[in-house]
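Shown next: coords37.csv, containing CSV, C-alpha atoms.
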chain,number,residue,atom,x,y,z
A,1,MET,CA,0.0,0.0,0.0
A,2,ALA,CA,1.1,3.6,-0.7
A,3,LEU,CA,2.6,5.3,2.3
A,4,ARG,CA,1.9,8.9,3.2
A,5,VAL,CA,4.9,11.0,4.0
A,6,GLN,CA,5.8,14.7,4.3
A,7,TYR,CA,9.1,16.6,3.6
A,8,GLU,CA,9.3,19.1,6.4
A,9,ASN,CA,5.9,20.9,5.9
A,10,SER,CA,5.6,20.0,2.2
A,11,ASN,CA,3.4,17.4,0.6
A,12,GLU,CA,5.2,17.7,-2.7
A,13,ILE,CA,7.5,14.8,-1.9
A,14,GLY,CA,8.2,14.0,-5.6
A,15,VAL,CA,10.2,17.3,-5.6
A,16,PHE,CA,12.5,16.1,-2.9
A,17,SER,CA,12.9,12.4,-3.8
A,18,LYS,CA,13.4,10.1,-6.8
A,19,LEU,CA,12.4,6.4,-6.7
A,20,THR,CA,13.2,3.6,-9.2
A,21,ASN,CA,13.5,-0.2,-9.0
A,22,GLY,CA,17.3,0.1,-8.6
A,23,TYR,CA,17.8,3.0,-6.1
A,24,ALA,CA,16.1,5.9,-4.3
A,25,LEU,CA,17.5,9.4,-4.0
A,26,VAL,CA,16.4,11.7,-1.1
A,27,ALA,CA,17.2,15.3,-0.6
A,28,ALA,CA,20.0,15.9,1.8
A,29,GLY,CA,19.4,18.1,4.9
A,30,GLY,CA,15.7,17.4,5.2
A,31,SER,CA,13.9,16.0,8.3
A,32,GLU,CA,15.1,12.7,9.6
A,33,ASN,CA,11.5,11.3,9.5
A,34,PHE,CA,11.3,11.7,5.7
A,35,TYR,CA,14.6,9.8,5.1
A,36,SER,CA,13.8,7.1,7.7
A,37,ALA,CA,10.4,6.4,6.0
A,38,PHE,CA,12.2,5.6,2.8
A,39,GLU,CA,14.9,3.7,4.6
A,40,ALA,CA,12.5,1.5,6.5
A,41,GLU,CA,10.5,0.6,3.4
A,42,LEU,CA,13.4,0.2,0.9
A,43,ALA,CA,16.8,-0.4,2.5
A,44,GLU,CA,16.4,-4.2,2.3
A,45,HIS,CA,16.0,-4.0,-1.4
A,46,ILE,CA,17.8,-0.9,-2.9
A,47,PRO,CA,20.2,1.8,-1.7
A,48,VAL,CA,18.6,5.0,-0.3
A,49,VAL,CA,21.0,7.8,-1.1
A,50,ARG,CA,20.9,11.3,0.5
A,51,CYS,CA,22.1,13.8,-2.1
A,52,SER,CA,21.8,17.3,-3.5
A,53,ILE,CA,21.9,18.5,-7.2
A,54,ALA,CA,23.6,21.9,-7.9
A,55,ASN,CA,23.6,22.4,-4.1
A,56,CYS,CA,19.8,22.3,-4.1
A,57,ARG,CA,17.3,20.0,-2.5
A,58,PHE,CA,14.7,19.6,-5.3
A,59,VAL,CA,16.5,16.4,-6.6
A,60,GLY,CA,13.3,14.8,-7.8
A,61,ARG,CA,12.5,17.5,-10.3
A,62,VAL,CA,15.9,17.9,-11.9
A,63,VAL,CA,16.9,14.2,-12.4
A,64,ALA,CA,15.4,11.5,-14.5
A,65,GLY,CA,16.2,7.8,-14.4
A,66,ASN,CA,15.2,4.1,-14.1
A,67,SER,CA,16.9,1.0,-12.8
A,68,ARG,CA,19.5,1.1,-15.6
A,69,GLY,CA,20.6,4.8,-15.5
A,70,LEU,CA,20.3,8.3,-14.0
A,71,LEU,CA,20.4,11.5,-15.9
A,72,VAL,CA,21.5,14.7,-14.0
A,73,PRO,CA,21.6,18.3,-15.2
A,74,SER,CA,24.9,20.0,-16.3
A,75,THR,CA,24.7,22.2,-13.1
A,76,THR,CA,25.5,19.0,-11.0
A,77,THR,CA,28.8,19.6,-9.2
A,78,ASP,CA,31.7,17.1,-9.6
A,79,GLN,CA,31.5,16.4,-5.9
A,80,GLU,CA,27.8,15.5,-6.2
A,81,LEU,CA,28.4,13.3,-9.2
A,82,HIS,CA,31.3,11.5,-7.4
A,83,HIS,CA,29.0,10.9,-4.4
A,84,LEU,CA,26.2,9.5,-6.6
A,85,ARG,CA,28.7,7.2,-8.4
A,86,ASN,CA,30.0,5.9,-5.1
A,87,SER,CA,26.6,5.4,-3.6
A,88,LEU,CA,24.6,3.8,-6.5
A,89,PRO,CA,25.1,0.2,-7.9
A,90,ASP,CA,27.8,-0.2,-10.5
A,91,SER,CA,25.1,-1.3,-13.0
A,92,VAL,CA,23.5,2.2,-12.9
A,93,VAL,CA,25.0,4.5,-15.6
A,94,ILE,CA,25.1,8.2,-14.4
A,95,GLN,CA,25.2,10.8,-17.2
A,96,ARG,CA,25.4,14.6,-17.1
A,97,VAL,CA,23.1,16.2,-19.7
A,98,GLU,CA,23.7,19.5,-21.4
A,99,GLU,CA,20.1,20.6,-21.9
A,100,ARG,CA,18.3,24.0,-22.0
A,101,LEU,CA,15.3,22.4,-20.2
A,102,SER,CA,17.4,21.4,-17.2
A,103,ALA,CA,14.6,20.3,-14.9
A,104,LEU,CA,14.8,16.8,-16.3
A,105,GLY,CA,12.3,15.3,-13.9
A,106,ASN,CA,9.6,17.6,-15.3
A,107,VAL,CA,10.3,16.9,-19.0
A,108,ILE,CA,11.1,13.1,-18.9
A,109,CYS,CA,8.7,10.4,-17.6
A,110,THR,CA,10.1,6.9,-17.8
A,111,ASN,CA,9.9,3.3,-16.6
A,112,ASP,CA,12.4,0.5,-17.5
A,113,HIS,CA,11.0,0.1,-21.1
A,114,VAL,CA,9.6,3.4,-22.5
A,115,ALA,CA,10.1,7.1,-21.9
A,116,LEU,CA,7.8,10.1,-22.7
A,117,ILE,CA,9.7,13.4,-23.3
A,118,HIS,CA,8.9,17.1,-23.8
A,119,ALA,CA,8.5,17.9,-27.5
A,120,ASP,CA,11.2,20.6,-27.4
A,121,LEU,CA,14.0,18.5,-25.9
A,122,ASP,CA,17.2,18.5,-27.9
A,123,ARG,CA,17.8,15.6,-30.3
A,124,GLU,CA,21.0,14.8,-28.5
A,125,THR,CA,19.1,14.6,-25.2
A,126,GLU,CA,16.6,12.2,-26.8
A,127,ASP,CA,19.5,9.9,-27.9
A,128,ILE,CA,21.0,10.0,-24.4
A,129,VAL,CA,17.7,9.0,-22.8
A,130,ALA,CA,17.5,6.1,-25.2
A,131,ASP,CA,21.1,5.0,-24.7
A,132,VAL,CA,21.6,5.5,-21.0
A,133,LEU,CA,18.1,4.4,-19.8
A,134,GLY,CA,17.8,1.7,-22.4
A,135,VAL,CA,14.2,2.7,-23.4
A,136,GLU,CA,12.1,3.6,-26.5
A,137,VAL,CA,11.5,7.3,-26.5
A,138,PHE,CA,8.3,9.2,-27.6
A,139,ARG,CA,7.7,12.9,-27.8
A,140,GLN,CA,4.3,13.4,-26.2
A,141,THR,CA,2.0,15.8,-24.2
A,142,ILE,CA,-0.2,14.9,-21.3
A,143,ALA,CA,-3.7,16.6,-21.4
A,144,ASN,CA,-2.1,19.0,-23.9
A,145,ASN,CA,0.7,19.9,-21.4
A,146,PRO,CA,4.3,19.4,-22.5
A,147,LEU,CA,5.6,18.7,-19.0
A,148,VAL,CA,5.2,15.0,-19.1
A,149,GLY,CA,7.3,14.3,-16.0
A,150,SER,CA,5.1,16.6,-13.9
A,151,TYR,CA,1.7,15.3,-15.1
A,152,ALA,CA,2.4,11.6,-15.4
A,153,VAL,CA,3.9,8.9,-13.2
A,154,LEU,CA,5.0,5.6,-14.7
A,155,THR,CA,6.2,2.2,-13.6
A,156,ASN,CA,6.5,-1.2,-15.4
A,157,GLN,CA,3.1,-2.1,-13.9
A,158,GLY,CA,1.0,0.9,-14.8
A,159,GLY,CA,0.7,4.7,-14.9
A,160,LEU,CA,-1.2,7.6,-13.4
A,161,VAL,CA,-1.8,10.7,-15.6
A,162,HIS,CA,-3.4,14.2,-15.3
A,163,PRO,CA,-7.1,14.1,-14.4
A,164,ARG,CA,-8.1,16.1,-17.6
A,165,THR,CA,-6.6,13.5,-19.9
A,166,SER,CA,-9.3,12.5,-22.5
A,167,VAL,CA,-10.3,8.9,-22.9
A,168,ASP,CA,-8.9,8.8,-26.4
A,169,ASP,CA,-5.6,10.2,-25.2
A,170,LEU,CA,-5.5,7.6,-22.4
A,171,GLU,CA,-6.1,4.7,-24.8
A,172,GLU,CA,-3.5,6.1,-27.2
A,173,LEU,CA,-0.9,6.5,-24.5
A,174,SER,CA,-1.7,3.1,-23.0
A,175,ALA,CA,-1.1,1.5,-26.3
A,176,LEU,CA,2.1,3.4,-26.8
A,177,LEU,CA,3.5,2.5,-23.3
A,178,GLN,CA,2.1,-1.0,-23.2
A,179,VAL,CA,0.9,-0.5,-19.6
A,180,PRO,CA,-2.6,0.2,-18.2
A,181,LEU,CA,-3.2,4.0,-17.4
A,182,VAL,CA,-5.7,5.8,-15.3
A,183,ALA,CA,-6.4,9.5,-14.8
A,184,GLY,CA,-6.1,10.6,-11.2
A,185,THR,CA,-4.9,13.0,-8.5
A,186,VAL,CA,-2.8,13.1,-5.3
A,187,ASN,CA,-2.7,15.4,-2.2
A,188,ARG,CA,-6.5,16.0,-2.2
A,189,GLY,CA,-7.0,16.9,-5.8
A,190,SER,CA,-3.5,18.0,-7.0
A,191,ASP,CA,-3.0,17.2,-10.7
A,192,VAL,CA,0.8,17.7,-10.4
A,193,LEU,CA,1.4,14.0,-9.9
A,194,GLY,CA,5.2,13.9,-10.4
A,195,ALA,CA,5.6,16.4,-7.6
A,196,GLY,CA,3.1,14.7,-5.3
A,197,MET,CA,4.3,11.1,-5.3
A,198,VAL,CA,7.1,8.7,-6.1
A,199,VAL,CA,6.5,5.0,-7.0
A,200,ASN,CA,8.3,1.9,-8.2
A,201,ASP,CA,7.1,-1.7,-9.0
A,202,TRP,CA,6.5,-2.6,-5.4
A,203,THR,CA,5.9,0.5,-3.3
A,204,ALA,CA,4.8,4.1,-3.4
A,205,PHE,CA,5.1,7.2,-1.3
A,206,VAL,CA,2.5,10.0,-1.5
A,207,GLY,CA,2.0,13.4,0.1
A,208,LEU,CA,0.4,13.5,3.6
A,209,ASP,CA,-2.8,15.2,2.2
A,210,THR,CA,-3.5,12.3,-0.2
A,211,THR,CA,-7.0,10.9,0.5
A,212,ALA,CA,-7.9,7.2,1.0
A,213,THR,CA,-9.7,7.2,-2.4
A,214,GLU,CA,-6.6,8.5,-4.1
A,215,ILE,CA,-4.4,5.9,-2.4
A,216,SER,CA,-6.8,3.1,-3.5
A,217,VAL,CA,-6.4,4.3,-7.1
A,218,VAL,CA,-2.6,4.4,-6.8
A,219,ASP,CA,-2.6,0.9,-5.2
A,220,SER,CA,-4.8,-0.5,-7.9
A,221,ILE,CA,-3.1,0.9,-11.0
A,222,PHE,CA,0.4,0.3,-9.8
A,223,LYS,CA,-0.7,-3.2,-8.5
A,224,LEU,CA,0.9,-2.5,-5.1
A,225,GLY,CA,-1.5,-4.6,-3.0
A,226,GLU,CA,-0.8,-7.7,-5.1
A,227,VAL,CA,2.8,-8.0,-3.9
A,228,GLU,CA,1.6,-8.1,-0.3
A,229,GLU,CA,-1.2,-10.6,-1.2
A,230,GLU,CA,1.4,-12.9,-2.9
A,231,ALA,CA,3.7,-12.7,0.1
A,232,ALA,CA,0.7,-13.5,2.4
A,233,ASP,CA,-0.3,-16.4,0.2
A,234,ILE,CA,3.3,-17.8,0.3
A,235,SER,CA,3.5,-17.5,4.1
A,236,GLN,CA,0.0,-19.1,4.4
A,237,ASN,CA,1.2,-22.0,2.2
A,238,LEU,CA,4.4,-22.4,4.2
A,239,ARG,CA,2.4,-22.5,7.4
A,240,ALA,CA,0.0,-25.1,6.0
A,241,SER,CA,2.9,-27.3,4.8
A,242,LEU,CA,4.6,-27.0,8.2
A,243,VAL,CA,1.5,-28.0,9.9
A,244,ASP,CA,1.1,-31.0,7.6
A,245,THR,CA,4.8,-32.0,8.2
A,246,LEU,CA,4.5,-31.7,12.0
A,247,GLY,CA,1.1,-33.3,12.0
Please lay out the structure from this file as structure tokens.
Amino acid sequence: MALRVQYENSNEIGVFSKLTNGYALVAAGGSENFYSAFEAELAEHIPVVRCSIANCRFVGRVVAGNSRGLLVPSTTTDQELHHLRNSLPDSVVIQRVEERLSALGNVICTNDHVALIHADLDRETEDIVADVLGVEVFRQTIANNPLVGSYAVLTNQGGLVHPRTSVDDLEELSALLQVPLVAGTVNRGSDVLGAGMVVNDWTAFVGLDTTATEISVVDSIFKLGEVEEEAADISQNLRASLVDTLG
């Protein structure tokens, strides 16, 4: 199930964190509660790295990545890049990108297979996204908005998009991405999904204002409850077989 968290007094947790199937980045210098929420949920599976980008805390909005790679803006300092290279798994390729639209998290939305990008991104940047992240790249808009990273959130299981996305657009995007999509909100009606939540294939974090209904939509489209159900089934079967053996 999606977990509600807050960064200091902000519900825009996607601004201060980045989550993939291979690693999590959390803004350095924030409250301990925020970091420990990520650590408690993720540390067994993936590294949770405190970092800054260009000496700023809004790491989630300026980086883009998946389990294969991480793209950072050209303003990233050498020290920050060195820290990321030391902290992330060797299999993750980290690449600085010279791009006018430097808030990469707002203009790139990706899972491990496909990426949606802003229509005005440089051709070179498009090639870097394809090579470093190992994905197919499509120039798209979400509900006629070019900021695909702000208005859509994507995993290998499904995707959540801006609530004003038309049914036709939803079907077209879903066919393109090959995952089920649903229109929705977080943080009690906020349509800026990328800023309000982070998600990977087995867990999600949403802002503290997110309602129970919004969480149920997130759990459903990203298939988060199913992992727990499978684990429960496995432990149930183990218990049954133990009882049989002992009996």
Selection: 12 Å around stretch 90-92 of chain A, only C-alpha atoms, excl. self and same-chain fewer than 2 positions, as number ranges by chain:
A: 20-24, 46-47, 65-71, 84-88, 94-95, 132-134
File dump, residues just selected, C-alpha atoms, as a PDB file, in the frame of the given file:
ATOM      1  CA  THR A  20      13.200   3.600  -9.200  1.00  0.00           C
ATOM      2  CA  ASN A  21      13.500  -0.200  -9.000  1.00  0.00           C
ATOM      3  CA  GLY A  22      17.300   0.100  -8.600  1.00  0.00           C
ATOM      4  CA  TYR A  23      17.800   3.000  -6.100  1.00  0.00           C
ATOM      5  CA  ALA A  24      16.100   5.900  -4.300  1.00  0.00           C
ATOM      6  CA  ILE A  46      17.800  -0.900  -2.900  1.00  0.00           C
ATOM      7  CA  PRO A  47      20.200   1.800  -1.700  1.00  0.00           C
ATOM      8  CA  GLY A  65      16.200   7.800 -14.400  1.00  0.00           C
ATOM      9  CA  ASN A  66      15.200   4.100 -14.100  1.00  0.00           C
ATOM     10  CA  SER A  67      16.900   1.000 -12.800  1.00  0.00           C
ATOM     11  CA  ARG A  68      19.500   1.100 -15.600  1.00  0.00           C
ATOM     12  CA  GLY A  69      20.600   4.800 -15.500  1.00  0.00           C
ATOM     13  CA  LEU A  70      20.300   8.300 -14.000  1.00  0.00           C
ATOM     14  CA  LEU A  71      20.400  11.500 -15.900  1.00  0.00           C
ATOM     15  CA  LEU A  84      26.200   9.500  -6.600  1.00  0.00           C
ATOM     16  CA  ARG A  85      28.700   7.200  -8.400  1.00  0.00           C
ATOM     17  CA  ASN A  86      30.000   5.900  -5.100  1.00  0.00           C
ATOM     18  CA  SER A  87      26.600   5.400  -3.600  1.00  0.00           C
ATOM     19  CA  LEU A  88      24.600   3.800  -6.500  1.00  0.00           C
ATOM     20  CA  ILE A  94      25.100   8.200 -14.400  1.00  0.00           C
ATOM     21  CA  GLN A  95      25.200  10.800 -17.200  1.00  0.00           C
ATOM     22  CA  VAL A 132      21.600   5.500 -21.000  1.00  0.00           C
ATOM     23  CA  LEU A 133      18.100   4.400 -19.800  1.00  0.00           C
ATOM     24  CA  GLY A 134      17.800   1.700 -22.400  1.00  0.00           C
TER      25      GLY A 134
END
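Among the candidate residues A:Val198, A:Glu44, A:Ala2, A:Ala152, the one lying nearest to A:Val26 is A:Val198, with distances computed using only C-alpha atoms.
The spacing separating atom CA of A:Thr203 from atom CA of A:Thr76 amounts to 28.0 Å.
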Radius query 9 Å about (16.1, 17.4, -21.0), atoms used: only C-alpha atoms, as a PyMOL selection string
chain A and resi 64+71+73+97-108+117-118+120-122+125-126+129
Using all atoms listed in the file, which protein or nucleic acid residues come within 7 Å of A:Tyr7? Drop anything in the same chain fewer than 4 positions from it, and give the result as a ChimeraX atom specification.
/A:11,13,30-31,34
Which of these, A:Lys18, A:Arg96, A:Arg164, A:Arg4, has the shortest distance to A:Asn200 once you count only C-alpha atoms?
A:Lys18
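Take atom CA of A:Ser174 and atom CA of A:Val153: the distance between them is 12.7 Å.
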Set the distance at 9 Å and use all atoms listed in the file: which residues neighbour A:Asn187 once local chain neighbours fewer than 4 positions away are removed? I'd like the list as a list in words.
Asn11, Glu12, Asp191, Leu193, Gly196, Met197, Val206, Gly207, Leu208, Asp209, Thr210, Thr211 and Glu214 of chain A
Store the residues of this selection in a file with C-alpha atoms, as a PDB file, in the frame of the given file.
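Generated file (selection_33.pdb):
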ATOM      1  CA  ASN A  11       3.400  17.400   0.600  1.00  0.00           C
ATOM      2  CA  GLU A  12       5.200  17.700  -2.700  1.00  0.00           C
ATOM      3  CA  ASP A 191      -3.000  17.200 -10.700  1.00  0.00           C
ATOM      4  CA  LEU A 193       1.400  14.000  -9.900  1.00  0.00           C
ATOM      5  CA  GLY A 196       3.100  14.700  -5.300  1.00  0.00           C
ATOM      6  CA  MET A 197       4.300  11.100  -5.300  1.00  0.00           C
ATOM      7  CA  VAL A 206       2.500  10.000  -1.500  1.00  0.00           C
ATOM      8  CA  GLY A 207       2.000  13.400   0.100  1.00  0.00           C
ATOM      9  CA  LEU A 208       0.400  13.500   3.600  1.00  0.00           C
ATOM     10  CA  ASP A 209      -2.800  15.200   2.200  1.00  0.00           C
ATOM     11  CA  THR A 210      -3.500  12.300  -0.200  1.00  0.00           C
ATOM     12  CA  THR A 211      -7.000  10.900   0.500  1.00  0.00           C
ATOM     13  CA  GLU A 214      -6.600   8.500  -4.100  1.00  0.00           C
TER      14      GLU A 214
END
Provide stretch 155-190 of chain A rebuilt to N, CA and C atoms, formatted as a short mmCIF file (atom, residue, chain, number, x, y, z; two decimals), in the coordinates of the input.
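As written to disk, selection02.cif reads:
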data_model
loop_
_atom_site.label_atom_id
_atom_site.label_comp_id
_atom_site.auth_asym_id
_atom_site.auth_seq_id
_atom_site.Cartn_x
_atom_site.Cartn_y
_atom_site.Cartn_z
N THR A 155 5.34 3.29 -13.98
CA THR A 155 6.20 2.20 -13.60
C THR A 155 6.02 1.07 -14.64
N ASN A 156 6.64 -0.08 -14.41
CA ASN A 156 6.50 -1.20 -15.40
C ASN A 156 5.10 -1.86 -15.21
N GLN A 157 4.38 -1.50 -14.14
CA GLN A 157 3.10 -2.10 -13.90
C GLN A 157 1.91 -1.27 -14.43
N GLY A 158 2.08 0.07 -14.42
CA GLY A 158 1.00 0.90 -14.80
C GLY A 158 1.38 2.39 -14.76
N GLY A 159 0.40 3.27 -14.95
CA GLY A 159 0.70 4.70 -14.90
C GLY A 159 -0.49 5.53 -14.49
N LEU A 160 -0.19 6.67 -13.85
CA LEU A 160 -1.20 7.60 -13.40
C LEU A 160 -0.97 8.92 -14.17
N VAL A 161 -2.02 9.49 -14.77
CA VAL A 161 -1.80 10.70 -15.60
C VAL A 161 -2.82 11.79 -15.13
N HIS A 162 -2.59 12.99 -15.64
CA HIS A 162 -3.40 14.20 -15.30
C HIS A 162 -4.90 13.89 -15.42
N PRO A 163 -5.70 14.39 -14.44
CA PRO A 163 -7.10 14.10 -14.40
C PRO A 163 -7.92 14.55 -15.65
N ARG A 164 -7.36 15.55 -16.38
CA ARG A 164 -8.10 16.10 -17.60
C ARG A 164 -7.70 15.35 -18.84
N THR A 165 -6.95 14.29 -18.74
CA THR A 165 -6.60 13.50 -19.90
C THR A 165 -7.83 12.87 -20.53
N SER A 166 -8.07 13.07 -21.82
CA SER A 166 -9.30 12.50 -22.50
C SER A 166 -9.16 11.00 -22.58
N VAL A 167 -10.30 10.35 -22.75
CA VAL A 167 -10.30 8.90 -22.90
C VAL A 167 -9.54 8.44 -24.09
N ASP A 168 -9.66 9.19 -25.19
CA ASP A 168 -8.90 8.80 -26.40
C ASP A 168 -7.41 8.91 -26.18
N ASP A 169 -6.99 10.00 -25.49
CA ASP A 169 -5.60 10.20 -25.20
C ASP A 169 -5.07 9.04 -24.28
N LEU A 170 -5.90 8.68 -23.30
CA LEU A 170 -5.50 7.60 -22.40
C LEU A 170 -5.30 6.30 -23.12
N GLU A 171 -6.22 6.00 -24.04
CA GLU A 171 -6.10 4.70 -24.80
C GLU A 171 -4.85 4.77 -25.71
N GLU A 172 -4.62 5.94 -26.33
CA GLU A 172 -3.50 6.10 -27.20
C GLU A 172 -2.15 5.92 -26.44
N LEU A 173 -2.07 6.61 -25.29
CA LEU A 173 -0.90 6.50 -24.50
C LEU A 173 -0.65 5.13 -23.92
N SER A 174 -1.74 4.49 -23.52
CA SER A 174 -1.70 3.10 -23.00
C SER A 174 -1.13 2.16 -24.01
N ALA A 175 -1.59 2.31 -25.25
CA ALA A 175 -1.10 1.50 -26.30
C ALA A 175 0.36 1.70 -26.63
N LEU A 176 0.76 2.98 -26.54
CA LEU A 176 2.10 3.40 -26.80
C LEU A 176 3.07 2.81 -25.71
N LEU A 177 2.63 2.91 -24.46
CA LEU A 177 3.50 2.50 -23.30
C LEU A 177 3.37 1.04 -22.97
N GLN A 178 2.30 0.41 -23.46
CA GLN A 178 2.10 -1.00 -23.20
C GLN A 178 1.85 -1.30 -21.69
N VAL A 179 1.28 -0.33 -20.98
CA VAL A 179 0.90 -0.50 -19.60
C VAL A 179 -0.50 0.10 -19.38
N PRO A 180 -1.30 -0.40 -18.42
CA PRO A 180 -2.60 0.20 -18.20
C PRO A 180 -2.40 1.63 -17.56
N LEU A 181 -3.25 2.59 -17.94
CA LEU A 181 -3.20 4.00 -17.40
C LEU A 181 -4.53 4.35 -16.83
N VAL A 182 -4.49 5.25 -15.85
CA VAL A 182 -5.70 5.80 -15.30
C VAL A 182 -5.46 7.29 -15.00
N ALA A 183 -6.50 8.11 -15.14
CA ALA A 183 -6.40 9.50 -14.80
C ALA A 183 -6.68 9.67 -13.29
N GLY A 184 -5.90 10.49 -12.59
CA GLY A 184 -6.10 10.60 -11.20
C GLY A 184 -5.40 11.80 -10.56
N THR A 185 -5.51 11.92 -9.23
CA THR A 185 -4.90 13.00 -8.50
C THR A 185 -4.19 12.49 -7.25
N VAL A 186 -3.39 13.35 -6.61
CA VAL A 186 -2.80 13.10 -5.30
C VAL A 186 -3.01 14.32 -4.42
N ASN A 187 -2.69 14.20 -3.14
CA ASN A 187 -2.70 15.40 -2.20
C ASN A 187 -4.06 16.14 -2.33
N ARG A 188 -5.16 15.38 -2.22
CA ARG A 188 -6.50 16.00 -2.20
C ARG A 188 -6.78 16.83 -3.42
N GLY A 189 -6.58 16.24 -4.60
CA GLY A 189 -7.00 16.90 -5.80
C GLY A 189 -5.90 17.60 -6.62
N SER A 190 -4.63 17.43 -6.24
CA SER A 190 -3.50 18.00 -7.00
C SER A 190 -3.29 17.24 -8.28
#
